[in-house]
Structures are given as structure tokens and as C-alpha cells.
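Student: Just final-v2.cif, nothing more (mmCIF, C-alpha atoms and all ligand atoms):
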```
data_entry
loop_
_atom_site.label_atom_id
_atom_site.label_comp_id
_atom_site.auth_asym_id
_atom_site.auth_seq_id
_atom_site.Cartn_x
_atom_site.Cartn_y
_atom_site.Cartn_z
CA MET A 979 0.00 0.00 0.00
CA THR A 980 1.16 3.50 -0.70
CA ALA A 981 0.93 6.19 1.95
CA PRO A 982 -2.62 7.56 2.07
CA ALA A 983 -3.46 10.87 3.81
CA ARG A 984 -5.18 13.31 1.50
CA SER A 985 -3.80 16.82 1.30
CA ALA A 986 -5.76 20.01 0.77
CA GLU A 987 -3.89 21.04 -2.37
CA SER A 988 -5.44 22.22 -5.64
CA PRO A 989 -7.39 19.59 -7.60
CA PRO A 990 -5.75 17.87 -10.58
CA SER A 991 -6.53 18.86 -14.12
CA PRO A 992 -9.64 16.91 -15.22
CA GLU A 993 -8.30 16.53 -18.79
CA ALA A 994 -4.83 15.33 -17.84
CA ALA A 995 -4.01 11.71 -18.62
CA PRO A 996 -3.99 9.46 -15.53
CA VAL A 997 -0.40 8.48 -16.38
CA ARG A 998 2.02 10.29 -18.68
CA LEU A 999 5.60 9.07 -18.79
CA SER A 1000 7.98 11.05 -20.99
CA ALA A 1001 11.44 9.77 -21.92
CA LEU A 1002 11.75 8.18 -18.50
CA THR A 1003 15.21 6.89 -17.63
CA LYS A 1004 16.45 5.23 -14.45
CA ARG A 1005 19.92 3.76 -13.88
CA PHE A 1006 21.32 1.71 -11.04
CA GLY A 1007 25.09 1.97 -11.41
CA ASP A 1008 25.90 0.41 -14.80
CA ILE A 1009 22.40 -0.98 -15.27
CA THR A 1010 19.86 1.06 -17.19
CA ALA A 1011 16.62 -0.31 -15.76
CA VAL A 1012 14.35 2.09 -17.67
CA ASP A 1013 15.64 3.57 -20.90
CA GLY A 1014 13.78 6.55 -22.34
CA LEU A 1015 10.33 5.06 -21.83
CA SER A 1016 7.34 7.12 -22.94
CA LEU A 1017 3.78 6.04 -22.29
CA SER A 1018 0.42 7.69 -21.85
CA VAL A 1019 -2.50 5.88 -20.22
CA ASP A 1020 -6.01 7.13 -20.90
CA ALA A 1021 -8.74 7.29 -18.27
CA GLY A 1022 -10.65 4.05 -17.94
CA GLN A 1023 -8.00 1.86 -19.55
CA VAL A 1024 -6.70 -1.35 -18.05
CA VAL A 1025 -3.07 -1.35 -19.21
CA ALA A 1026 -0.67 -4.24 -18.66
CA LEU A 1027 3.08 -3.65 -18.68
CA LEU A 1028 4.25 -7.03 -19.89
CA GLY A 1029 7.88 -8.05 -19.97
CA PRO A 1030 10.34 -10.72 -18.93
CA ASN A 1031 12.22 -10.63 -15.63
CA GLY A 1032 14.43 -7.55 -15.36
CA ALA A 1033 12.59 -5.70 -18.16
CA GLY A 1034 12.08 -2.63 -15.98
CA LYS A 1035 8.42 -3.07 -14.99
CA THR A 1036 8.82 -2.67 -11.23
CA THR A 1037 11.18 0.28 -11.62
CA THR A 1038 8.61 1.97 -13.88
CA ILE A 1039 5.77 1.25 -11.43
CA ASP A 1040 7.91 2.57 -8.55
CA MET A 1041 8.44 5.82 -10.44
CA VAL A 1042 4.69 6.11 -11.13
CA LEU A 1043 4.12 5.81 -7.38
CA GLY A 1044 6.93 8.21 -6.48
CA LEU A 1045 8.91 5.46 -4.73
CA GLN A 1046 11.84 5.98 -7.11
CA HIS A 1047 12.76 9.17 -8.91
CA PRO A 1048 13.88 9.19 -12.55
CA ASP A 1049 17.38 10.24 -13.56
CA SER A 1050 15.80 12.02 -16.50
CA GLY A 1051 12.39 12.33 -18.10
CA SER A 1052 9.15 12.97 -16.27
CA VAL A 1053 6.15 11.28 -14.65
CA LEU A 1054 2.82 13.03 -14.43
CA ILE A 1055 -0.20 11.51 -12.69
CA HIS A 1056 -3.36 13.38 -13.63
CA GLY A 1057 -1.08 16.26 -14.54
CA ARG A 1058 0.93 16.41 -11.34
CA SER A 1059 3.91 14.78 -9.70
CA PRO A 1060 3.56 11.28 -8.26
CA ASP A 1061 4.34 12.55 -4.75
CA ARG A 1062 1.48 15.03 -4.91
CA ALA A 1063 -0.89 12.53 -6.55
CA VAL A 1064 -0.14 9.93 -3.86
CA ALA A 1065 -0.51 12.50 -1.09
CA ALA A 1066 -3.85 13.50 -2.57
CA GLY A 1067 -5.00 9.85 -2.52
CA GLU A 1068 -5.51 9.82 -6.28
CA VAL A 1069 -3.32 6.80 -6.85
CA ALA A 1070 -3.00 3.60 -4.85
CA GLY A 1071 -0.71 0.67 -5.41
CA ILE A 1072 -0.61 -3.01 -4.66
CA LEU A 1073 3.08 -3.79 -4.60
CA GLN A 1074 4.94 -7.10 -4.60
CA GLY A 1075 4.86 -8.46 -1.04
CA GLY A 1076 3.33 -5.33 0.53
CA GLY A 1077 3.29 -5.81 4.32
CA LEU A 1078 0.17 -6.58 6.40
CA LEU A 1079 -0.17 -6.94 10.18
CA GLY A 1080 -0.93 -10.58 11.00
CA ASP A 1081 -2.62 -9.87 14.35
CA PHE A 1082 -5.22 -7.47 12.97
CA THR A 1083 -8.47 -8.88 11.62
CA VAL A 1084 -9.39 -8.21 8.00
CA ALA A 1085 -12.03 -5.63 9.02
CA GLU A 1086 -9.70 -3.92 11.51
CA THR A 1087 -7.07 -3.56 8.82
CA VAL A 1088 -9.50 -1.94 6.37
CA ARG A 1089 -10.96 0.26 9.14
CA TYR A 1090 -7.49 1.41 10.20
CA VAL A 1091 -6.43 2.37 6.69
CA ALA A 1092 -9.82 4.03 6.07
CA SER A 1093 -9.21 6.21 9.15
CA LEU A 1094 -6.15 7.70 7.43
CA TYR A 1095 -8.27 9.20 4.67
CA ALA A 1096 -10.47 12.27 5.00
CA ASP A 1097 -12.91 10.87 2.47
CA ALA A 1098 -12.66 7.08 2.71
CA ALA A 1099 -15.13 4.69 1.14
CA PRO A 1100 -17.44 2.94 3.65
CA VAL A 1101 -15.60 -0.01 5.23
CA GLY A 1102 -18.49 -2.48 4.86
CA GLU A 1103 -18.90 -1.64 1.20
CA THR A 1104 -15.17 -1.98 0.60
CA LEU A 1105 -15.07 -5.40 2.27
CA GLU A 1106 -18.01 -6.46 0.14
CA ARG A 1107 -16.39 -5.23 -3.07
CA ALA A 1108 -13.22 -7.13 -2.30
CA GLY A 1109 -15.11 -10.32 -1.47
CA LEU A 1110 -14.00 -10.19 2.18
CA THR A 1111 -17.29 -9.91 4.09
CA SER A 1112 -17.37 -13.57 5.08
CA ILE A 1113 -13.83 -13.42 6.51
CA ALA A 1114 -14.03 -9.89 7.98
CA ARG A 1115 -13.29 -11.18 11.52
CA ARG A 1116 -10.47 -13.50 10.52
CA ARG A 1117 -6.95 -12.59 11.65
CA VAL A 1118 -4.85 -11.55 8.67
CA GLY A 1119 -2.12 -14.05 9.64
CA ARG A 1120 -4.65 -16.86 9.16
CA CYS A 1121 -5.77 -15.74 5.70
CA SER A 1122 -4.54 -17.52 2.59
CA GLY A 1123 -2.23 -15.77 0.14
CA GLY A 1124 -5.18 -15.09 -2.14
CA GLU A 1125 -7.28 -13.65 0.69
CA GLN A 1126 -4.40 -11.42 1.75
CA GLN A 1127 -4.08 -10.17 -1.81
CA ARG A 1128 -7.80 -9.37 -1.88
CA LEU A 1129 -7.27 -7.49 1.39
CA ARG A 1130 -4.50 -5.45 -0.25
CA PHE A 1131 -6.97 -4.73 -3.05
CA ALA A 1132 -9.52 -3.53 -0.44
CA LEU A 1133 -6.87 -1.29 1.15
CA ALA A 1134 -6.09 0.17 -2.26
CA LEU A 1135 -9.79 0.80 -2.92
CA VAL A 1136 -10.75 2.33 0.40
CA GLY A 1137 -9.07 5.66 -0.40
CA ARG A 1138 -11.16 5.95 -3.59
CA PRO A 1139 -8.17 6.31 -5.94
CA ARG A 1140 -8.68 7.27 -9.56
CA LEU A 1141 -5.65 5.22 -10.58
CA LEU A 1142 -4.81 1.78 -9.24
CA VAL A 1143 -1.34 0.35 -9.85
CA LEU A 1144 -0.75 -3.38 -9.43
CA ASP A 1145 2.75 -4.89 -9.52
CA GLU A 1146 2.61 -8.64 -10.20
CA PRO A 1147 -0.63 -8.87 -8.19
CA THR A 1148 -0.98 -12.65 -8.42
CA ALA A 1149 2.68 -13.64 -8.00
CA GLY A 1150 2.86 -16.60 -5.65
CA LEU A 1151 -0.85 -17.44 -5.84
CA ASP A 1152 -2.08 -20.79 -7.09
CA ALA A 1153 -4.49 -21.03 -10.01
CA GLY A 1154 -7.56 -20.75 -7.73
CA GLY A 1155 -6.13 -17.73 -5.89
CA ARG A 1156 -5.33 -16.00 -9.16
CA ARG A 1157 -8.80 -16.65 -10.50
CA ASP A 1158 -10.46 -15.37 -7.31
CA PHE A 1159 -8.28 -12.27 -7.24
CA TRP A 1160 -9.15 -11.34 -10.81
CA ARG A 1161 -12.81 -12.16 -10.33
CA THR A 1162 -12.80 -9.72 -7.43
CA VAL A 1163 -11.03 -6.99 -9.39
CA THR A 1164 -13.22 -7.31 -12.45
CA GLN A 1165 -16.46 -7.60 -10.49
CA ALA A 1166 -15.46 -4.59 -8.45
CA SER A 1167 -14.70 -2.63 -11.59
CA GLY A 1168 -17.92 -3.66 -13.28
CA ALA A 1169 -20.34 -3.12 -10.41
CA MET A 1170 -18.88 -0.41 -8.24
CA PRO A 1171 -20.45 3.02 -7.98
CA PRO A 1172 -18.24 5.77 -9.37
CA THR A 1173 -17.15 6.74 -5.86
CA LEU A 1174 -15.44 3.43 -5.33
CA LEU A 1175 -14.36 2.54 -8.82
CA PRO A 1176 -10.72 3.12 -9.72
CA PRO A 1177 -11.35 3.96 -13.36
CA THR A 1178 -7.83 3.35 -14.56
CA LEU A 1179 -5.64 0.35 -13.85
CA LEU A 1180 -1.94 -0.05 -14.57
CA LEU A 1181 -0.71 -3.58 -14.07
CA ALA A 1182 2.82 -5.01 -14.28
CA THR A 1183 2.97 -8.70 -15.04
CA HIS A 1184 4.88 -11.41 -16.79
CA GLN A 1185 1.78 -13.62 -16.78
CA LEU A 1186 0.72 -13.68 -20.40
CA ASP A 1187 -2.75 -15.05 -19.79
CA GLU A 1188 -3.41 -12.35 -17.19
CA ALA A 1189 -2.48 -9.56 -19.59
CA ASP A 1190 -4.42 -11.21 -22.41
CA ARG A 1191 -7.57 -11.75 -20.40
CA TYR A 1192 -7.83 -8.63 -18.29
CA ALA A 1193 -6.03 -5.78 -20.06
CA ASP A 1194 -7.51 -3.55 -22.77
CA ARG A 1195 -4.01 -2.70 -23.82
CA ILE A 1196 -0.65 -4.44 -23.49
CA VAL A 1197 2.61 -2.51 -23.46
CA VAL A 1198 5.50 -4.92 -23.98
CA ILE A 1199 8.75 -3.81 -22.34
CA ARG A 1200 12.21 -5.17 -22.95
CA GLY A 1201 15.44 -3.65 -21.70
CA GLY A 1202 13.57 -0.72 -20.17
CA ARG A 1203 12.00 0.28 -23.50
CA VAL A 1204 8.55 -0.07 -25.05
CA ILE A 1205 8.84 -2.54 -27.91
CA ALA A 1206 5.15 -3.05 -28.68
CA ASP A 1207 1.92 -1.40 -27.65
CA GLY A 1208 -1.60 -2.42 -28.60
CA THR A 1209 -4.64 -4.51 -27.77
CA PRO A 1210 -3.93 -8.17 -26.94
CA ALA A 1211 -5.04 -9.09 -30.47
CA GLU A 1212 -2.74 -6.44 -31.99
CA ILE A 1213 0.20 -7.72 -29.94
CA ARG A 1214 -0.44 -11.25 -31.15
CA ASN A 1215 -0.57 -10.08 -34.74
CA ALA A 1216 2.36 -7.72 -34.36
CA ALA A 1217 4.71 -10.50 -33.45
CA ALA A 1218 3.53 -13.48 -35.29
CA GLY A 1219 0.51 -12.75 -37.47
CA ARG A 1220 -2.01 -15.43 -38.26
CA GLN A 1221 -2.16 -18.84 -39.72
CA VAL A 1222 -4.50 -19.83 -42.56
CA THR A 1223 -5.00 -23.47 -43.47
CA ALA A 1224 -6.88 -24.94 -46.40
CA VAL A 1225 -7.33 -28.30 -48.05
CA TRP A 1226 -6.01 -27.75 -51.57
CA PRO A 1227 -4.53 -30.80 -53.31
CA ASP A 1228 -3.05 -28.95 -56.32
CA ALA A 1229 -1.92 -25.77 -54.61
CA ASP A 1230 0.88 -23.85 -56.29
CA GLU A 1231 3.01 -22.80 -53.33
CA THR A 1232 4.95 -20.22 -55.33
CA LEU A 1233 1.75 -18.34 -56.18
CA VAL A 1234 0.51 -18.49 -52.57
CA ARG A 1235 3.87 -17.14 -51.38
CA ALA A 1236 3.38 -14.11 -53.66
CA VAL A 1237 0.18 -13.01 -51.86
CA PRO A 1238 0.89 -9.78 -49.88
CA GLY A 1239 1.78 -10.39 -46.22
CA VAL A 1240 2.62 -14.08 -46.59
CA GLU A 1241 5.64 -15.16 -44.53
CA SER A 1242 5.71 -18.89 -45.13
CA VAL A 1243 3.81 -21.64 -46.91
CA GLU A 1244 3.97 -25.25 -45.85
CA ARG A 1245 2.31 -28.24 -47.47
CA ARG A 1246 1.50 -31.49 -45.69
CA GLY A 1247 -0.40 -33.97 -47.83
CA VAL A 1248 -3.38 -32.06 -49.20
CA THR A 1249 -3.28 -29.35 -46.52
CA VAL A 1250 -1.59 -25.99 -47.08
CA THR A 1251 -0.61 -23.89 -44.04
CA VAL A 1252 0.14 -20.21 -44.61
CA ARG A 1253 1.65 -17.92 -41.97
CA THR A 1254 0.79 -14.34 -42.78
CA ARG A 1255 0.47 -10.79 -41.51
CA ASP A 1256 -2.61 -10.28 -43.73
CA SER A 1257 -5.00 -13.18 -43.34
CA ASP A 1258 -7.76 -11.35 -45.26
CA ALA A 1259 -5.60 -11.24 -48.40
CA VAL A 1260 -4.82 -14.96 -48.11
CA VAL A 1261 -8.49 -15.86 -47.56
CA ARG A 1262 -9.51 -13.75 -50.59
CA TYR A 1263 -6.87 -15.51 -52.67
CA LEU A 1264 -7.94 -18.98 -51.53
CA MET A 1265 -11.62 -18.18 -52.11
CA SER A 1266 -10.82 -17.32 -55.72
CA HIS A 1267 -9.66 -20.92 -56.23
CA PRO A 1268 -12.62 -23.32 -56.11
CA ALA A 1269 -10.29 -26.27 -55.42
CA ALA A 1270 -9.28 -24.74 -52.07
CA ARG A 1271 -11.72 -25.72 -49.33
CA ASP A 1272 -12.07 -26.00 -45.53
CA ILE A 1273 -10.35 -22.64 -45.07
CA GLU A 1274 -9.53 -21.86 -41.43
CA VAL A 1275 -7.93 -18.78 -39.85
CA THR A 1276 -6.33 -19.00 -36.40
CA SER A 1277 -4.62 -16.35 -34.29
CA ASN A 1278 -1.24 -17.23 -32.94
CA ARG A 1279 -1.13 -17.50 -29.20
CA LEU A 1280 0.03 -14.56 -27.14
CA GLU A 1281 2.80 -16.71 -25.71
CA GLU A 1282 4.35 -17.14 -29.15
CA ALA A 1283 4.04 -13.43 -29.83
CA PHE A 1284 5.56 -12.55 -26.48
CA LEU A 1285 8.51 -14.87 -26.92
CA ALA A 1286 9.12 -13.56 -30.42
CA LEU A 1287 8.99 -9.95 -29.22
CA THR A 1288 11.14 -10.34 -26.13
CA ALA A 1289 13.81 -12.65 -27.53
CA PRO A 1290 17.20 -10.98 -26.92
CA ASP A 1291 17.94 -10.76 -30.65
CA ALA A 1292 14.46 -9.58 -31.68
CA GLY A 1293 14.20 -6.14 -33.27
CA PRO A 1294 11.47 -3.65 -32.36
CA SER A 1295 7.97 -4.69 -33.40
CA HIS A 1296 6.81 -3.00 -36.60
CA ALA A 1297 3.10 -3.65 -36.25
CA GLY A 1298 2.69 -2.61 -32.61
CA THR A 1299 1.77 1.02 -32.19
CA THR A 1300 3.74 3.20 -29.81
CA ARG A 1301 1.65 5.80 -28.05
CA SER A 1302 3.12 8.55 -25.99
N1 LIG B 1401 17.65 -1.07 -6.50
C1 LIG B 1401 18.28 -1.64 -7.53
N2 LIG B 1401 19.63 -1.70 -7.55
C2 LIG B 1401 20.29 -2.22 -8.60
N3 LIG B 1401 19.68 -2.74 -9.70
C3 LIG B 1401 18.35 -2.72 -9.72
C4 LIG B 1401 17.58 -2.16 -8.65
N4 LIG B 1401 16.26 -2.28 -8.97
C5 LIG B 1401 16.23 -2.87 -10.18
N5 LIG B 1401 17.45 -3.14 -10.63
C6 LIG B 1401 17.81 -3.76 -11.94
O1 LIG B 1401 17.12 -3.06 -12.93
C7 LIG B 1401 16.63 -3.96 -13.94
C8 LIG B 1401 15.11 -3.84 -14.02
O2 LIG B 1401 14.57 -4.37 -12.82
P1 LIG B 1401 12.99 -4.37 -12.53
O3 LIG B 1401 12.80 -4.95 -11.17
O4 LIG B 1401 12.43 -3.03 -12.80
O5 LIG B 1401 12.48 -5.38 -13.64
P2 LIG B 1401 11.09 -6.17 -13.71
O6 LIG B 1401 10.66 -6.10 -15.13
O7 LIG B 1401 10.14 -5.64 -12.71
O8 LIG B 1401 11.53 -7.64 -13.34
P3 LIG B 1401 10.72 -8.77 -12.50
O9 LIG B 1401 9.63 -9.25 -13.39
O10 LIG B 1401 11.78 -9.80 -12.29
O11 LIG B 1401 10.24 -8.15 -11.23
C9 LIG B 1401 17.11 -5.33 -13.52
O12 LIG B 1401 18.31 -5.57 -14.20
C10 LIG B 1401 17.35 -5.19 -12.03
O13 LIG B 1401 18.35 -6.09 -11.59
#
```
Take the structure from the file and write it as C-alpha cells.

Tutor:
Amino acid sequence: MTAPARSAESPPSPEAAPVRLSALTKRFGDITAVDGLSLSVDAGQVVALLGPNGAGKTTTIDMVLGLQHPDSGSVLIHGRSPDRAVAAGEVAGILQGGGLLGDFTVAETVRYVASLYADAAPVGETLERAGLTSIARRRVGRCSGGEQQRLRFALALVGRPRLLVLDEPTAGLDAGGRRDFWRTVTQASGAMPPTLLPPTLLLATHQLDEADRYADRIVVIRGGRVIADGTPAEIRNAAAGRQVTAVWPDADETLVRAVPGVESVERRGVTVTVRTRDSDAVVRYLMSHPAARDIEVTSNRLEEAFLALTAPDAGPSHAGTTRS
């Protein structure tokens, strides 16, 4: 949890982006953890920073929360500095391994943190939103890892932040704990009144399925830089395109290879498999040949796209869009 305590300073600009990172750079000795990273997150987006270990996700998140300061570049949260945004209670974070007091009950913990805010959300409502009502009297030390993570979510919500930042929120949870955590977050987002809804979510993860399933937008980071930025479907296509298969006994592979966007053509028996960046063009071509039948288009899996994008020798993605 980040420090709460609202201050009485001037309100943020209503038009300012929830997060605007400009040419952000952070070094630790010889290591450049974040290397000129620019990123703008719009209100209401669920954005996943996706990258392999050491990509610079946590360092970026720490700078968004004012826990680290950049060597160069700037961070603006709703148009102001992270320190001021955190002090104003506009942003809350769930950080890796954030501490909880084992002797407090779940309800006491939420009540205590709520008391630090001038304008906290009602405790009962917050417990309900985080799926904690049935264990409100349980000591925190007796809660499972998943329940403790839902408690951290409740603590993040109780200050009514407009931006919620999650760093590897399901690290260490089993499949059931991960599912419950995300069910809680998405149900809370879908059903909460505006007073309790954090409208914008920035999530750091290396869990591909998490980014794919829950984010509107995935920003792939490697070596402290943005290498791809788009919807999950765009990221899949950016790295590896699509695959079109058809049954076509007399296919002329040379002609298929000449269709715009085609990367490879493979023939096994009567089946032709085409990897392409433009599946529409391939389908149109196949449809113009009556002998080609049983045409199927499949998206490559995000995992393949991610591995292709983050391989050490991979160049920057050409199809991913970079927003700043
Ligand atoms: N306080 C620090 N001192 C020295 N090096 C650091 C420090 N914090 C981060 N680094 C280095 O900066 C690089 C980026 O680390 P960071 O933790 O931001 O990556 P990450 O993408 O969050 O990785 P992970 O998924 O493993 O948490 C790594 O090489 C890491 O070793």
C-alpha cells in the first residue's frame, strides 16, 4: 500500500491523462533499468506492462508511485507529480509483497487504513467489493495468500483512488487464488459506484494469460523500453501474425507465397498452411480458387508473440503502435 493521507492542495486537471511518462530513464550503477520510456495511459483503460524478468516493470511502477525518482524524463499523474498525486489519494498501489499486520483482523485492517483518509469509502462496502465480508473477523495471519491479496486490493480501494497500480498482483498465488483475485477486481470494476471505482488500472505482469484476459491494452517492455503497444489481439498479430489453413490438393506454393503479407507456406499432404500478416488477403486468394476448401484462420497464441517480441535478438515490433 502507498501512503494515504489526503492533502488540501489544488485539484488535478480533469483533462490530464492518468499516467504520462515522458522519456523516462532510471539507472542503477551500470544498469539502465528504464531507458527513455514514454507512455500515456487514458482514463478508464486497463493497461498491462508485460515483460520478462528484469525488463524494468517494477522500476517503472515505482516511479509512477513516487517510490523511485527518474534520472531524466518525467512522470505526471493526472497532470501532477507522483508525490502530490499519492498524497492526494488519487493513486494507490498493490506492490509485490506489501506488508500486512498478521494480528489485525481483515475488518480492523481496512478500518485502520480508512481512518487515514479524509474521504474514505465505507468499510463495509469496501469489504463487500473485495469479497471479504465472510472473513471480515479472521486474523490476517490466518488468511490464505489469495485472501491477503484481496485485502491489499480492499486497502487500495478504500481511499477511492482514480488510478490503481498493481505490480505482479498474483505472484505466488495458485491457479484458484489468481482466478479469485481477478474475479474480485473485475467484479469490483464492473459493479462499483463511481465513488469506489478506480477507473484506470496499470498492471505489471509477466503472466501472459493475465495480460491477455484482463487488459484492454498491453505494453510490452524489454530492456527498459517499449517494444510493442496495442490490444492483446494487436500484440499477437504484431509478433507473429495469423495462420491460414486450407485443403487444396493442387496448390501452387509459389503463387501463394506471392500473396501480400505471406511469410511462409507449408504443405503437408493435401493441406496448405500459410503464416501471414494479412489473413484477409490470403483468404480472398484462396476463395478465388474453387479447389481450395475447408479454409480456417487462427490467431497465434500470445505466448508465441511474447517470446518472439522479447527474444534478446528480436528487433522492435513493426506492427505494434507506440503511443506517448
Ligand atoms: N535497486 C536496484 N539496484 C540495482 N539494480 C536494480 C535495482 N532495482 C532494479 N534493478 C535492476 O534493474 C533492472 C530492471 O529491474 P525491474 O525490477 O524493474 O524489472 P522487472 O521487469 O520488474 O523484473 P521482475 O519481473 O523480475 O520483477 C534489472 O536488471 C534489475 O536487476

Student: Please give me, as a list in words, the residues lying within 6 Å of ligand LIG 1401 (chain B) when counting only C-alpha atoms and all ligand atoms.

Tutor: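 Those residues are Phe1006, Ala1011, Gly1029, Pro1030, Asn1031, Gly1032, Ala1033, Gly1034, Lys1035, Thr1036 and Thr1037 of chain A.
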
Student: Go ahead and compute the interatomic distance for atom CA of A:Ile1039 and atom CA of A:Leu1133, in Å to one decimal.

Tutor: 18.0 Å

Student: Measuring atom to atom with all atoms listed in the file, identify which of A:Arg1191, A:Arg1203, A:Arg1005, A:Arg1120 is nearest to A:Gly1080.

Tutor: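 Answer, going by the shortest atom-to-atom distance: A:Arg1120.
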
Student: Which is closest to A:Thr1038 among A:Val1204, A:Val1024, A:Val1069, A:Val1252, if we use only C-alpha atoms?

Tutor: A:Val1204

Student: For stretch 1265-1278 of chain A, find every residue with an atom within 10 Å (counting all atoms listed in the file), except residues of its own chain fewer than 2 positions away, and show them as an NGL selection string.

Tutor: :A and (1211 or 1214-1215 or 1217-1229 or 1248-1253 or 1257-1263 or 1280-1283)

Student: Output C-alpha atoms for every residue in the selection just made, as a compact mmCIF listing (two decimals), in the coordinates of the input.

Tutor:
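Below you can see part_11.txt, which holds the result:
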```txt
# COMPACT_ATOMS: atom_id res chain seq x y z
CA ALA A 1211 -5.04 -9.09 -30.47
CA ARG A 1214 -0.44 -11.25 -31.15
CA ASN A 1215 -0.57 -10.08 -34.74
CA ALA A 1217 4.71 -10.50 -33.45
CA ALA A 1218 3.53 -13.48 -35.29
CA GLY A 1219 0.51 -12.75 -37.47
CA ARG A 1220 -2.01 -15.43 -38.26
CA GLN A 1221 -2.16 -18.84 -39.72
CA VAL A 1222 -4.50 -19.83 -42.56
CA THR A 1223 -5.00 -23.47 -43.47
CA ALA A 1224 -6.88 -24.94 -46.40
CA VAL A 1225 -7.33 -28.30 -48.05
CA TRP A 1226 -6.01 -27.75 -51.57
CA PRO A 1227 -4.53 -30.80 -53.31
CA ASP A 1228 -3.05 -28.95 -56.32
CA ALA A 1229 -1.92 -25.77 -54.61
CA VAL A 1248 -3.38 -32.06 -49.20
CA THR A 1249 -3.28 -29.35 -46.52
CA VAL A 1250 -1.59 -25.99 -47.08
CA THR A 1251 -0.61 -23.89 -44.04
CA VAL A 1252 0.14 -20.21 -44.61
CA ARG A 1253 1.65 -17.92 -41.97
CA SER A 1257 -5.00 -13.18 -43.34
CA ASP A 1258 -7.76 -11.35 -45.26
CA ALA A 1259 -5.60 -11.24 -48.40
CA VAL A 1260 -4.82 -14.96 -48.11
CA VAL A 1261 -8.49 -15.86 -47.56
CA ARG A 1262 -9.51 -13.75 -50.59
CA TYR A 1263 -6.87 -15.51 -52.67
CA LEU A 1280 0.03 -14.56 -27.14
CA GLU A 1281 2.80 -16.71 -25.71
CA GLU A 1282 4.35 -17.14 -29.15
CA ALA A 1283 4.04 -13.43 -29.83
```

Student: Would you mind putting back N, CA and C atoms on stretch 1093-1110 of chain A, then writing it out as a PDB file, in the coordinates of the input?

Tutor:
```pdb
ATOM      1  N   SER A1093      -9.282   5.077   8.213  1.00  0.00           N
ATOM      2  CA  SER A1093      -9.210   6.210   9.150  1.00  0.00           C
ATOM      3  C   SER A1093      -8.127   7.210   8.757  1.00  0.00           C
ATOM      4  N   LEU A1094      -7.218   6.800   7.857  1.00  0.00           N
ATOM      5  CA  LEU A1094      -6.150   7.700   7.430  1.00  0.00           C
ATOM      6  C   LEU A1094      -6.600   8.647   6.318  1.00  0.00           C
ATOM      7  N   TYR A1095      -7.762   8.374   5.764  1.00  0.00           N
ATOM      8  CA  TYR A1095      -8.270   9.200   4.670  1.00  0.00           C
ATOM      9  C   TYR A1095      -9.378  10.118   5.185  1.00  0.00           C
ATOM     10  N   ALA A1096      -9.395  11.346   4.637  1.00  0.00           N
ATOM     11  CA  ALA A1096     -10.470  12.270   5.000  1.00  0.00           C
ATOM     12  C   ALA A1096     -11.787  11.828   4.379  1.00  0.00           C
ATOM     13  N   ASP A1097     -11.701  11.163   3.235  1.00  0.00           N
ATOM     14  CA  ASP A1097     -12.910  10.870   2.470  1.00  0.00           C
ATOM     15  C   ASP A1097     -12.901   9.393   2.050  1.00  0.00           C
ATOM     16  N   ALA A1098     -12.766   8.510   3.035  1.00  0.00           N
ATOM     17  CA  ALA A1098     -12.660   7.080   2.710  1.00  0.00           C
ATOM     18  C   ALA A1098     -13.997   6.508   2.263  1.00  0.00           C
ATOM     19  N   ALA A1099     -13.921   5.445   1.498  1.00  0.00           N
ATOM     20  CA  ALA A1099     -15.130   4.690   1.140  1.00  0.00           C
ATOM     21  C   ALA A1099     -15.618   3.959   2.388  1.00  0.00           C
ATOM     22  N   PRO A1100     -16.934   3.673   2.483  1.00  0.00           N
ATOM     23  CA  PRO A1100     -17.440   2.940   3.650  1.00  0.00           C
ATOM     24  C   PRO A1100     -16.752   1.573   3.768  1.00  0.00           C
ATOM     25  N   VAL A1101     -16.373   1.215   5.006  1.00  0.00           N
ATOM     26  CA  VAL A1101     -15.600  -0.010   5.230  1.00  0.00           C
ATOM     27  C   VAL A1101     -16.402  -1.249   4.798  1.00  0.00           C
ATOM     28  N   GLY A1102     -17.675  -1.300   5.202  1.00  0.00           N
ATOM     29  CA  GLY A1102     -18.490  -2.480   4.860  1.00  0.00           C
ATOM     30  C   GLY A1102     -18.590  -2.680   3.353  1.00  0.00           C
ATOM     31  N   GLU A1103     -18.774  -1.568   2.661  1.00  0.00           N
ATOM     32  CA  GLU A1103     -18.900  -1.640   1.200  1.00  0.00           C
ATOM     33  C   GLU A1103     -17.577  -2.097   0.573  1.00  0.00           C
ATOM     34  N   THR A1104     -16.483  -1.620   1.135  1.00  0.00           N
ATOM     35  CA  THR A1104     -15.170  -1.980   0.600  1.00  0.00           C
ATOM     36  C   THR A1104     -14.899  -3.468   0.810  1.00  0.00           C
ATOM     37  N   LEU A1105     -15.253  -3.972   1.999  1.00  0.00           N
ATOM     38  CA  LEU A1105     -15.070  -5.400   2.270  1.00  0.00           C
ATOM     39  C   LEU A1105     -15.898  -6.227   1.289  1.00  0.00           C
ATOM     40  N   GLU A1106     -17.116  -5.757   1.058  1.00  0.00           N
ATOM     41  CA  GLU A1106     -18.010  -6.460   0.140  1.00  0.00           C
ATOM     42  C   GLU A1106     -17.419  -6.492  -1.270  1.00  0.00           C
ATOM     43  N   ARG A1107     -16.948  -5.329  -1.715  1.00  0.00           N
ATOM     44  CA  ARG A1107     -16.390  -5.230  -3.070  1.00  0.00           C
ATOM     45  C   ARG A1107     -15.179  -6.131  -3.260  1.00  0.00           C
ATOM     46  N   ALA A1108     -14.424  -6.316  -2.194  1.00  0.00           N
ATOM     47  CA  ALA A1108     -13.220  -7.130  -2.300  1.00  0.00           C
ATOM     48  C   ALA A1108     -13.480  -8.592  -1.935  1.00  0.00           C
ATOM     49  N   GLY A1109     -14.754  -8.927  -1.763  1.00  0.00           N
ATOM     50  CA  GLY A1109     -15.110 -10.320  -1.470  1.00  0.00           C
ATOM     51  C   GLY A1109     -14.600 -10.787  -0.114  1.00  0.00           C
ATOM     52  N   LEU A1110     -14.596  -9.868   0.880  1.00  0.00           N
ATOM     53  CA  LEU A1110     -14.000 -10.190   2.180  1.00  0.00           C
ATOM     54  C   LEU A1110     -15.028 -10.240   3.311  1.00  0.00           C
TER      55      LEU A1110
END
```
